[in-house]
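As stored in upload.cif (mmCIF, C-alpha atoms):
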```cif
data_work
loop_
_atom_site.label_atom_id
_atom_site.label_comp_id
_atom_site.auth_asym_id
_atom_site.auth_seq_id
_atom_site.Cartn_x
_atom_site.Cartn_y
_atom_site.Cartn_z
CA MET S 997 67.76 98.21 86.19
CA LYS S 998 70.81 98.09 88.43
CA ALA S 999 73.74 95.67 88.65
CA ILE S 1000 75.96 94.81 91.61
CA GLY S 1001 79.63 94.01 91.09
CA ILE S 1002 81.88 92.48 93.76
CA ASP S 1003 85.69 92.29 93.59
CA ILE S 1004 87.37 90.11 96.23
CA GLY S 1005 90.88 91.52 96.15
CA THR S 1006 93.95 90.66 98.18
CA THR S 1007 93.94 93.80 100.32
CA THR S 1008 90.35 95.00 99.91
CA ILE S 1009 86.87 93.77 99.06
CA CYS S 1010 85.19 96.27 96.72
CA ALA S 1011 81.59 96.52 95.57
CA VAL S 1012 79.67 98.85 93.26
CA VAL S 1013 76.11 99.47 92.13
CA LEU S 1014 75.64 100.54 88.51
CA ASP S 1015 72.51 102.14 87.10
CA MET S 1016 72.47 100.52 83.67
CA GLU S 1017 69.80 102.85 82.29
CA LYS S 1018 71.44 106.12 83.33
CA GLY S 1019 74.96 104.83 82.78
CA ILE S 1020 76.25 105.95 86.18
CA GLN S 1021 77.83 104.42 89.26
CA LEU S 1022 75.49 104.94 92.19
CA GLU S 1023 77.55 103.61 95.02
CA LYS S 1024 80.77 101.89 95.98
CA THR S 1025 81.95 100.16 99.13
CA ILE S 1026 85.53 99.31 100.06
CA ILE S 1027 86.46 97.30 103.14
CA PRO S 1028 89.85 95.86 104.13
CA ASN S 1029 90.69 92.24 103.47
CA ARG S 1030 93.33 90.84 105.74
CA PHE S 1031 95.63 87.87 106.11
CA ILE S 1032 95.55 85.27 108.85
CA LYS S 1033 98.71 85.54 110.92
CA SER S 1034 101.06 82.64 110.34
CA ASP S 1035 104.35 81.58 111.90
CA ILE S 1036 105.47 80.49 108.43
CA ASN S 1037 106.75 83.52 106.54
CA TRP S 1038 105.97 82.11 103.08
CA GLU S 1039 102.39 81.16 103.97
CA LYS S 1040 99.82 83.74 102.81
CA ILE S 1041 96.30 82.74 103.83
CA GLN S 1042 92.93 84.41 104.44
CA ASP S 1043 89.62 83.47 106.04
CA PRO S 1044 87.07 82.49 103.34
CA ASP S 1045 84.09 82.62 105.69
CA ARG S 1046 84.93 86.11 106.92
CA ILE S 1047 85.13 87.13 103.25
CA CYS S 1048 81.72 85.54 102.62
CA SER S 1049 80.22 87.36 105.56
CA CYS S 1050 81.60 90.71 104.36
CA VAL S 1051 80.29 90.18 100.82
CA GLU S 1052 76.83 89.11 101.98
CA GLY S 1053 76.60 92.10 104.29
CA ILE S 1054 77.40 94.47 101.43
CA VAL S 1055 74.97 92.80 99.02
CA CYS S 1056 72.16 92.75 101.59
CA GLY S 1057 72.65 96.46 102.22
CA TYR S 1058 72.48 97.25 98.52
CA ILE S 1059 69.36 95.16 98.00
CA LYS S 1060 67.58 96.94 100.85
CA LYS S 1061 68.51 100.33 99.43
CA TYR S 1062 67.83 99.64 95.74
CA LYS S 1063 64.66 97.74 94.84
CA ASP S 1064 65.42 97.03 91.19
CA ILE S 1065 68.71 95.09 91.32
CA SER S 1066 68.67 92.84 88.26
CA SER S 1067 72.01 90.99 88.48
CA ILE S 1068 74.99 90.24 90.70
CA GLY S 1069 78.49 89.61 89.35
CA VAL S 1070 81.53 88.48 91.31
CA THR S 1071 85.23 88.45 90.54
CA GLY S 1072 88.28 87.98 92.69
CA GLN S 1073 91.95 87.25 93.14
CA MET S 1074 93.15 84.64 90.70
CA HIS S 1075 95.17 81.46 91.36
CA GLY S 1076 94.18 80.99 95.03
CA ILE S 1077 92.24 77.94 96.28
CA VAL S 1078 89.84 76.88 99.03
CA TYR S 1079 89.04 73.26 99.97
CA THR S 1080 85.36 72.50 100.61
CA ASP S 1081 83.31 69.56 101.90
CA ALA S 1082 80.24 67.79 100.53
CA ASN S 1083 78.00 70.58 101.84
CA GLY S 1084 80.07 73.28 100.16
CA LYS S 1085 81.53 74.52 103.48
CA SER S 1086 85.18 75.53 103.67
CA LEU S 1087 87.61 73.07 105.23
CA SER S 1088 90.66 75.27 104.82
CA PRO S 1089 91.81 78.85 104.66
CA LEU S 1090 92.05 80.58 101.31
CA TYR S 1091 95.56 79.88 100.06
CA THR S 1092 96.13 83.12 98.16
CA TRP S 1093 98.13 83.77 94.99
CA GLN S 1094 100.92 85.16 97.19
CA ASP S 1095 101.42 81.86 99.03
CA GLU S 1096 104.90 80.53 98.26
CA ARG S 1097 104.67 76.88 99.27
CA GLY S 1098 105.05 75.77 95.66
CA GLU S 1099 108.67 76.97 95.78
CA LYS S 1100 109.44 74.44 98.52
CA ILE S 1101 108.90 71.36 96.34
CA LYS S 1102 111.74 69.36 94.81
CA ILE S 1103 111.04 66.39 92.53
CA GLY S 1104 113.90 64.37 91.07
CA GLY S 1105 116.36 67.13 91.95
CA MET S 1106 114.27 69.75 90.12
CA ASP S 1107 112.03 72.49 91.42
CA LEU S 1108 108.33 71.87 90.86
CA PHE S 1109 107.94 74.44 88.09
CA SER S 1110 110.84 73.12 86.00
CA TYR S 1111 109.62 69.57 86.52
CA VAL S 1112 106.07 70.43 85.43
CA GLU S 1113 107.29 72.25 82.33
CA LYS S 1114 109.69 69.46 81.34
CA TYR S 1115 107.24 66.58 81.74
CA THR S 1116 103.90 68.20 80.87
CA GLY S 1117 104.76 71.22 78.74
CA TYR S 1118 102.73 73.51 81.00
CA MET S 1119 104.06 76.50 82.87
CA ILE S 1120 102.89 77.08 86.42
CA ALA S 1121 104.20 79.41 89.09
CA THR S 1122 104.18 79.78 92.84
CA GLY S 1123 100.77 80.69 94.22
CA TRP S 1124 98.92 78.95 91.38
CA GLY S 1125 96.22 76.59 92.59
CA MET S 1126 97.85 73.42 91.28
CA ALA S 1127 101.24 74.26 92.80
CA THR S 1128 99.60 74.91 96.16
CA HIS S 1129 97.54 71.72 95.96
CA ILE S 1130 100.51 69.57 94.98
CA TYR S 1131 102.43 70.83 98.01
CA ASN S 1132 99.46 70.26 100.33
CA GLN S 1133 98.95 66.79 98.89
CA MET S 1134 102.63 65.87 99.34
CA HIS S 1135 102.60 67.10 102.96
CA GLY S 1136 99.25 65.66 104.06
CA LEU S 1137 97.62 69.08 104.30
CA VAL S 1138 94.54 68.40 102.16
CA PRO S 1139 91.72 68.33 104.74
CA GLU S 1140 89.89 65.06 105.31
CA GLY S 1141 86.46 65.19 103.69
CA THR S 1142 87.53 67.47 100.84
CA VAL S 1143 85.34 67.02 97.76
CA SER S 1144 86.09 70.21 95.86
CA ILE S 1145 88.76 72.81 95.15
CA LYS S 1146 87.41 76.29 94.42
CA THR S 1147 88.44 79.87 93.84
CA ILE S 1148 87.41 82.30 96.57
CA GLU S 1149 84.97 84.01 94.20
CA ASP S 1150 83.23 80.74 93.31
CA TYR S 1151 83.11 79.79 96.99
CA VAL S 1152 81.44 83.11 97.82
CA ILE S 1153 78.92 82.66 95.00
CA ASP S 1154 78.02 79.16 96.18
CA ARG S 1155 77.44 80.44 99.69
CA LEU S 1156 75.26 83.25 98.35
CA ILE S 1157 73.09 81.05 96.14
CA GLY S 1158 72.85 78.29 98.74
CA ASN S 1159 74.09 75.42 96.58
CA GLU S 1160 77.14 74.27 94.66
CA SER S 1161 77.30 75.13 91.00
CA ARG S 1162 80.52 73.07 90.64
CA LEU S 1163 81.39 75.30 87.68
CA ILE S 1164 84.47 77.38 87.01
CA HIS S 1165 84.94 79.86 84.19
CA THR S 1166 87.84 79.19 81.86
CA SER S 1167 89.55 82.40 83.05
CA ASN S 1168 89.81 81.03 86.58
CA ALA S 1169 90.52 77.45 85.51
CA ALA S 1170 93.54 78.59 83.49
CA ALA S 1171 94.81 80.41 86.60
CA PHE S 1172 94.92 77.10 88.51
CA GLY S 1173 97.40 75.61 86.03
CA LEU S 1174 97.62 72.25 84.18
CA TYR S 1175 94.84 73.59 81.98
CA ASN S 1176 94.53 73.03 78.23
CA MET S 1177 93.08 76.23 76.77
CA ASP S 1178 92.53 74.66 73.34
CA ALA S 1179 90.43 71.88 74.84
CA GLY S 1180 88.85 74.08 77.50
CA ALA S 1181 89.59 71.50 80.21
CA PHE S 1182 92.15 70.47 82.79
CA ASP S 1183 94.72 68.09 81.30
CA GLU S 1184 93.88 64.63 82.64
CA LYS S 1185 97.32 63.16 81.91
CA ALA S 1186 98.99 66.00 83.77
CA LEU S 1187 96.59 65.56 86.68
CA GLN S 1188 97.35 61.84 86.82
CA MET S 1189 101.09 62.51 86.85
CA PHE S 1190 100.64 64.35 90.15
CA GLN S 1191 97.87 62.04 91.44
CA ILE S 1192 95.35 64.88 91.44
CA GLU S 1193 91.80 63.57 91.48
CA LYS S 1194 89.85 65.01 88.56
CA GLU S 1195 86.66 64.86 90.65
CA LEU S 1196 88.06 67.50 93.02
CA LEU S 1197 88.06 70.07 90.24
CA PRO S 1198 84.93 71.89 89.05
CA LYS S 1199 83.59 71.54 85.53
CA VAL S 1200 84.93 74.20 83.19
CA SER S 1201 82.59 76.55 81.33
CA LYS S 1202 83.74 78.80 78.48
CA ARG S 1203 80.40 80.58 78.70
CA ILE S 1204 79.35 82.99 81.40
CA CYS S 1205 76.00 81.80 82.66
CA ILE S 1206 73.56 82.27 85.51
CA VAL S 1207 74.52 79.84 88.29
CA GLY S 1208 71.77 80.65 90.79
CA GLU S 1209 69.91 83.39 92.62
CA TYR S 1210 70.38 85.41 95.77
CA LYS S 1211 67.06 86.67 97.15
CA GLY S 1212 65.58 86.23 93.68
CA ILE S 1213 68.37 88.10 91.88
CA PRO S 1214 70.37 86.20 89.23
CA VAL S 1215 74.04 85.60 90.04
CA THR S 1216 76.45 84.91 87.17
CA LEU S 1217 79.52 82.69 87.04
CA SER S 1218 82.61 84.50 88.24
CA VAL S 1219 85.56 85.50 86.06
CA GLY S 1220 89.16 86.26 87.00
CA ASP S 1221 89.90 89.73 88.32
CA ASN S 1222 92.30 90.49 85.48
CA GLN S 1223 89.56 89.81 82.93
CA ALA S 1224 86.98 91.75 84.93
CA GLY S 1225 89.37 94.69 85.10
CA VAL S 1226 89.67 94.70 81.32
CA ALA S 1227 85.87 94.53 80.97
CA GLY S 1228 85.35 97.40 83.38
CA ALA S 1229 88.10 99.76 82.23
CA VAL S 1230 88.77 99.37 78.52
CA GLN S 1231 86.35 100.37 75.81
CA ASP S 1232 88.33 98.49 73.13
CA ILE S 1233 91.05 96.06 74.25
CA LYS S 1234 92.32 95.88 70.65
CA ASP S 1235 93.15 99.58 70.77
CA MET S 1236 94.33 100.12 74.35
CA ILE S 1237 96.80 98.67 76.81
CA LEU S 1238 95.55 98.04 80.35
CA ILE S 1239 98.04 98.52 83.17
CA ASN S 1240 97.05 97.67 86.72
CA VAL S 1241 99.30 98.53 89.64
CA GLY S 1242 97.91 97.32 92.94
CA THR S 1243 99.56 94.84 95.29
CA SER S 1244 101.13 93.31 92.20
CA ALA S 1245 101.13 94.72 88.66
CA GLN S 1246 99.90 93.52 85.27
CA ILE S 1247 99.96 94.72 81.70
CA SER S 1248 97.28 93.33 79.37
CA VAL S 1249 96.85 93.52 75.59
CA ALA S 1250 94.63 91.70 73.11
CA VAL S 1251 95.95 88.65 71.28
CA GLU S 1252 94.25 86.39 68.73
CA LYS S 1253 95.95 83.06 69.39
CA ILE S 1254 97.15 80.91 72.26
CA ILE S 1255 100.92 81.07 72.62
CA GLN S 1256 103.29 80.24 75.45
CA ILE S 1257 106.07 82.75 76.11
CA ASN S 1258 107.29 82.42 79.70
CA LYS S 1259 105.93 82.33 83.22
CA SER S 1260 105.80 86.12 83.51
CA ILE S 1261 104.00 86.61 80.18
CA GLU S 1262 101.07 84.34 79.43
CA VAL S 1263 97.96 84.18 77.31
CA ARG S 1264 94.76 84.03 79.34
CA PRO S 1265 91.17 83.32 78.31
CA TYR S 1266 89.07 86.47 78.24
CA ILE S 1267 85.33 86.26 77.48
CA ASP S 1268 83.40 85.13 74.40
CA ASN S 1269 86.33 82.93 73.26
CA GLU S 1270 88.72 85.88 73.11
CA TYR S 1271 92.18 86.04 74.67
CA ILE S 1272 94.43 88.55 76.37
CA MET S 1273 98.19 88.47 76.77
CA VAL S 1274 99.23 89.40 80.29
CA GLY S 1275 102.58 90.30 81.78
CA SER S 1276 102.64 89.90 85.55
CA SER S 1277 104.96 91.54 88.07
CA LEU S 1278 104.81 90.02 91.54
CA CYS S 1279 105.84 93.18 93.34
CA GLY S 1280 104.16 96.14 91.59
CA GLY S 1281 102.61 98.48 94.13
CA CYS S 1282 104.04 96.35 96.92
CA ALA S 1283 107.51 97.66 95.97
CA TYR S 1284 106.40 101.23 96.55
CA LYS S 1285 104.88 100.16 99.86
CA VAL S 1286 108.30 98.82 100.91
CA LEU S 1287 109.73 102.32 100.44
CA GLU S 1288 106.81 103.93 102.29
CA GLU S 1289 107.36 101.58 105.24
CA PHE S 1290 111.05 102.53 105.25
CA PHE S 1291 110.17 106.22 105.55
CA ARG S 1292 107.49 105.45 108.14
CA SER S 1293 109.88 103.51 110.37
CA TYR S 1294 112.43 106.34 110.19
CA ALA S 1295 109.74 108.86 111.15
CA ALA S 1296 108.80 106.66 114.11
CA ALA S 1297 112.45 106.49 115.19
CA LEU S 1298 112.47 110.29 115.25
CA GLY S 1299 109.59 110.18 117.69
CA CYS S 1300 106.90 111.06 115.16
CA GLU S 1301 103.62 109.21 114.94
CA ALA S 1302 103.99 106.06 112.81
CA MET S 1303 101.52 107.16 110.16
CA PRO S 1304 101.37 106.53 106.38
CA GLN S 1305 103.95 108.55 104.45
CA TYR S 1306 102.43 108.44 100.96
CA ASP S 1307 101.24 112.06 101.02
CA ILE S 1308 104.65 113.29 102.16
CA MET S 1309 106.37 111.19 99.48
CA GLU S 1310 104.03 112.71 96.90
CA LYS S 1311 104.88 116.19 98.18
CA ILE S 1312 108.62 115.53 97.97
CA VAL S 1313 108.42 114.74 94.25
CA SER S 1314 105.47 117.00 93.36
CA THR S 1315 107.62 119.36 91.28
CA LYS S 1316 110.00 116.73 89.89
CA VAL S 1317 110.07 116.41 86.12
CA VAL S 1318 110.64 113.08 84.38
CA SER S 1319 114.41 113.17 84.67
CA PRO S 1320 116.35 110.17 85.99
CA SER S 1321 119.11 110.87 88.50
CA GLY S 1322 121.24 107.90 87.54
CA LEU S 1323 120.08 105.96 90.58
CA LYS S 1324 118.44 102.76 89.34
CA VAL S 1325 116.02 100.56 91.30
CA LYS S 1326 115.12 97.04 90.26
CA THR S 1327 111.79 96.33 91.98
CA SER S 1328 111.60 92.53 91.72
CA PHE S 1329 111.79 92.24 95.52
CA ALA S 1330 109.53 89.17 95.56
CA GLY S 1331 111.22 87.48 92.61
CA THR S 1332 109.56 86.89 89.27
CA ARG S 1333 107.36 84.14 87.93
CA ASP S 1334 110.31 82.99 85.83
CA ASN S 1335 112.80 83.01 88.68
CA ALA S 1336 111.63 83.00 92.27
CA GLU S 1337 115.21 83.61 93.46
CA THR S 1338 115.51 86.97 91.65
CA ARG S 1339 115.74 89.91 94.02
CA GLY S 1340 115.61 93.67 93.74
CA SER S 1341 118.47 96.12 93.91
CA ILE S 1342 119.45 99.79 94.10
CA GLU S 1343 122.35 100.62 91.81
CA HIS S 1344 124.46 103.52 90.52
CA ILE S 1345 124.45 105.29 93.86
CA THR S 1346 126.73 108.33 93.93
CA LEU S 1347 127.69 110.84 96.59
CA ASP S 1348 124.99 113.15 95.28
CA ASN S 1349 121.98 111.10 94.17
CA PHE S 1350 121.11 109.02 97.24
CA THR S 1351 118.23 111.26 98.33
CA PRO S 1352 114.58 110.65 99.30
CA GLU S 1353 113.47 112.33 96.07
CA ASN S 1354 115.60 110.10 93.89
CA LEU S 1355 114.63 106.97 95.81
CA ILE S 1356 110.95 107.76 95.27
CA TYR S 1357 111.61 108.40 91.59
CA GLY S 1358 113.72 105.24 91.27
CA PHE S 1359 111.10 102.98 92.85
CA SER S 1360 108.35 104.45 90.64
CA GLU S 1361 110.52 104.11 87.54
CA GLY S 1362 111.52 100.56 88.45
CA ILE S 1363 107.89 99.43 88.59
CA VAL S 1364 107.24 100.99 85.16
CA LEU S 1365 110.38 99.59 83.56
CA GLU S 1366 109.58 96.04 84.65
CA LEU S 1367 106.22 96.34 82.90
CA TYR S 1368 107.79 97.98 79.86
CA GLY S 1369 110.24 95.11 79.48
CA MET S 1370 107.31 92.73 79.33
CA TYR S 1371 105.50 95.02 76.89
CA LYS S 1372 108.40 94.99 74.42
CA THR S 1373 108.36 91.19 74.44
CA MET S 1374 104.57 91.07 74.10
CA MET S 1375 104.59 93.30 71.02
CA GLU S 1376 106.56 90.61 69.17
CA TYR S 1377 103.56 88.28 69.40
CA THR S 1378 100.59 90.51 68.60
CA ASP S 1379 99.44 92.75 65.76
CA VAL S 1380 97.90 95.27 68.17
CA SER S 1381 99.07 98.86 67.73
CA PRO S 1382 97.80 100.51 70.90
CA SER S 1383 96.90 104.19 70.82
CA GLY S 1384 96.96 104.67 74.58
CA ILE S 1385 97.08 103.20 78.07
CA VAL S 1386 94.25 102.81 80.58
CA ILE S 1387 95.39 102.52 84.18
CA LEU S 1388 93.74 101.07 87.22
CA GLY S 1389 94.79 100.27 90.75
CA ASN S 1390 95.59 102.72 93.53
CA GLY S 1391 99.29 101.94 93.22
CA ILE S 1392 99.44 104.09 90.10
CA LYS S 1393 96.28 106.19 90.27
CA LYS S 1394 97.52 107.87 93.45
CA ASN S 1395 101.09 108.26 92.18
CA LYS S 1396 101.27 111.24 89.77
CA LEU S 1397 104.99 110.79 89.24
CA MET S 1398 104.57 107.15 88.24
CA ARG S 1399 101.91 108.17 85.71
CA LYS S 1400 104.30 110.75 84.21
CA ILE S 1401 107.05 108.14 84.00
CA LEU S 1402 104.64 105.63 82.43
CA GLU S 1403 103.61 108.11 79.74
CA HIS S 1404 107.24 109.00 79.06
CA VAL S 1405 108.56 105.43 78.88
CA PHE S 1406 105.73 104.02 76.75
CA ALA S 1407 105.36 107.22 74.68
CA LEU S 1408 101.58 106.83 74.85
CA PRO S 1409 98.84 108.92 76.50
CA VAL S 1410 97.55 107.64 79.84
CA LYS S 1411 93.84 107.58 80.75
CA MET S 1412 91.90 106.89 83.94
CA THR S 1413 88.25 105.93 84.11
CA ALA S 1414 85.81 108.40 85.58
CA PHE S 1415 84.38 106.06 88.20
CA GLY S 1416 87.09 103.91 89.81
CA GLU S 1417 86.89 100.34 91.18
CA GLU S 1418 87.02 99.14 87.59
CA THR S 1419 87.33 95.46 88.46
CA ALA S 1420 84.10 95.48 90.44
CA VAL S 1421 82.54 97.52 87.63
CA GLY S 1422 83.65 94.85 85.17
CA ALA S 1423 81.98 92.15 87.26
CA ALA S 1424 78.76 94.19 87.28
CA LEU S 1425 78.88 94.81 83.52
CA ILE S 1426 79.52 91.13 82.79
CA SER S 1427 76.58 90.10 84.95
CA ALA S 1428 74.34 92.69 83.29
CA VAL S 1429 75.23 91.47 79.80
CA TYR S 1430 74.84 87.77 80.53
CA THR S 1431 71.55 88.12 82.39
CA GLY S 1432 70.12 90.25 79.60
CA SER S 1433 69.88 93.39 81.73
CA VAL S 1434 71.56 95.23 78.88
CA GLU S 1435 71.14 94.28 75.26
CA SER S 1436 74.79 94.01 74.21
CA TRP S 1437 78.40 94.55 75.11
CA ALA S 1438 78.35 97.69 73.00
CA ALA S 1439 75.63 99.11 75.26
CA ALA S 1440 77.51 98.03 78.39
CA LYS S 1441 80.76 99.64 77.22
CA GLU S 1442 78.99 103.00 77.00
CA MET S 1443 79.22 103.01 80.79
CA ILE S 1444 83.00 103.38 80.55
CA LYS S 1445 84.04 107.01 80.46
CA TYR S 1446 87.45 108.58 81.01
CA GLN S 1447 88.57 111.62 82.97
#
```
Would you mind writing the file's structure down as structure tokens?
Amino acid sequence: MKAIGIDIGTTTICAVVLDMEKGIQLEKTIIPNRFIKSDINWEKIQDPDRICSCVEGIVCGYIKKYKDISSIGVTGQMHGIVYTDANGKSLSPLYTWQDERGEKIKIGGMDLFSYVEKYTGYMIATGWGMATHIYNQMHGLVPEGTVSIKTIEDYVIDRLIGNESRLIHTSNAAAFGLYNMDAGAFDEKALQMFQIEKELLPKVSKRICIVGEYKGIPVTLSVGDNQAGVAGAVQDIKDMILINVGTSAQISVAVEKIIQINKSIEVRPYIDNEYIMVGSSLCGGCAYKVLEEFFRSYAAALGCEAMPQYDIMEKIVSTKVVSPSGLKVKTSFAGTRDNAETRGSIEHITLDNFTPENLIYGFSEGIVLELYGMYKTMMEYTDVSPSGIVILGNGIKKNKLMRKILEHVFALPVKMTAFGEETAVGAALISAVYTGSVESWAAAKEMIKYQ
């Protein structure tokens, strides 16, 4: 039996095929995902129907090639929303988690996030589904004929199965905001405060279930990409930290109870009524990309071809040991969930240390230190004593220096999985477990091997 896993990321759409009997990854596909150009610099939107078309094309190709596909699992970028009509068709772009319209709202002299926390007790942040919807509602941007608000992954699933499940897993519901994790439902009083129609929101399921079929193959309810990444990369979340550095960055550890810390560190539903504590950096790998673009633009000014500089940056620091130069880089260039106005900085510049090598080191260290600061706070709220770190995301997998810094700062060994595309793998494993293609989670976790 084989399982397909799809991960609808911000910059790429990834897919894998797992052979559940042999315990190997047979195939993977990665295609770019792109933004729709906008004249508004804080608007970050994508085309949901193009995404659907890409996913269906990949799945069709896999089904033609492999005749014994037994399940399809889908995950995707959390927090973003799509408006759909009575036929399940999109009426809007995908407003992604990077969309900043929520920051533009003032209510009673307060920003939206402070107002929500003061009057409802919930924490939400820019890019979260409810913040985006509240802005759209206030500015008349909710399309006429809207009957449902969905994640991109649930929208893709509905288009695949040919009907609306009108279900959302608790992991994705919590990412919208105004969600009561104890009750497993959106908070009706909070919804009423902002005149959000309850009927627009899907029904929440704590269970992962089969929602339909695509060409006779069961498709399971989607989960958030953070949760899928944990499922596909970590053999035991109670023993390991998961760090993901992609466009953004997250650090995830197990936790046994629901607690509220701040906007940057939150408890999220996992699967089977378990929870993970997650620290989120808005500018993880994106910070390193800022530096790469700086070097690229300088190379272009010299008359060189404007090509990616990552390999050259890696070469510059290839022999560098973990030894700070004094130059310090704060990589919160896109703010933080706690303070959208926070910005990054480069400090302690001397006559001797402002070099390409030290800039590359400083940016890599800055990304790690932001995560480590969250980790120290998280350890105050959990009994977990991690024995190591599992990493995923190209932002760190392709950066040897950052991995060295990570190991040094956390004083823990760092592991990488043997297969890659762990989030898509997690979606495939989840679908295999909850369709009965494998007998247990223990059997599914045997697929996870480390280099």
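For the set S:Glu1442, S:Glu1113, S:Glu1039, S:Asp1150, the residue with the smallest atom-to-atom gap to Thr1092 (chain S) is S:Glu1039, counting only C-alpha atoms.
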Around region 1176-1193 of chain S, with edges along x, y and z and 4 Å added on all six sides, what centre and edge lengths do you get, in Å to one decimal, as lines of an AutoDock Vina configuration file?
```
center_x = 95.0
center_y = 69.0
center_z = 82.4
size_x = 20.2
size_y = 22.4
size_z = 26.1
```
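The spacing separating CA of Ile1261 (chain S) from CA of Met1370 (chain S) amounts to 7.0 Å.
Remark: for Val1241 (chain S), the closest of the candidate residues S:Glu1288, S:Asp1268, S:Glu1366, S:Asp1348 is S:Glu1366 (distances computed over all atoms listed in the file).
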**Q.** Residues matched by the PyMOL selection byres ((chain S and resi 1174) around 7), written as a ChimeraX atom specification
**A.** /S:1118,1173,1175-1176,1182-1183,1186
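Run against this file, the PyMOL selection byres ((chain S and resi 1405) around 12) gives back Val1318, Ser1319, Pro1320, Ser1360, Glu1361, Gly1362, Ile1363, Val1364, Leu1365, Glu1366, Leu1367, Tyr1368, Gly1369, Tyr1371, Lys1372, Ile1385, Met1398, Arg1399, Lys1400, Ile1401, Leu1402, Glu1403, His1404, Phe1406, Ala1407, Leu1408, Pro1409 and Val1410 of chain S.
When you apply the PyMOL selection byres ((chain S and resi 1421) around 9) to this structure, what comes back is Ile1000, Gly1001, Ile1002, Asp1003, Ala1011, Val1012, Val1013, Leu1014, Gln1021, Ala1224, Gly1225, Ala1227, Gly1228, Ala1229, Phe1415, Gly1416, Glu1417, Glu1418, Thr1419, Ala1420, Gly1422, Ala1423, Ala1424, Leu1425 and Ile1426 of chain S.
Ranking S:His1075, S:Lys1185, S:Arg1162, S:Lys1102 by their shortest atom-to-atom distance to Gly1220 (chain S), with only C-alpha atoms included, puts S:His1075 first.
Taking CA of Glu1184 (chain S) and CA of Gly1104 (chain S) as the two end points, the separation is 21.7 Å.
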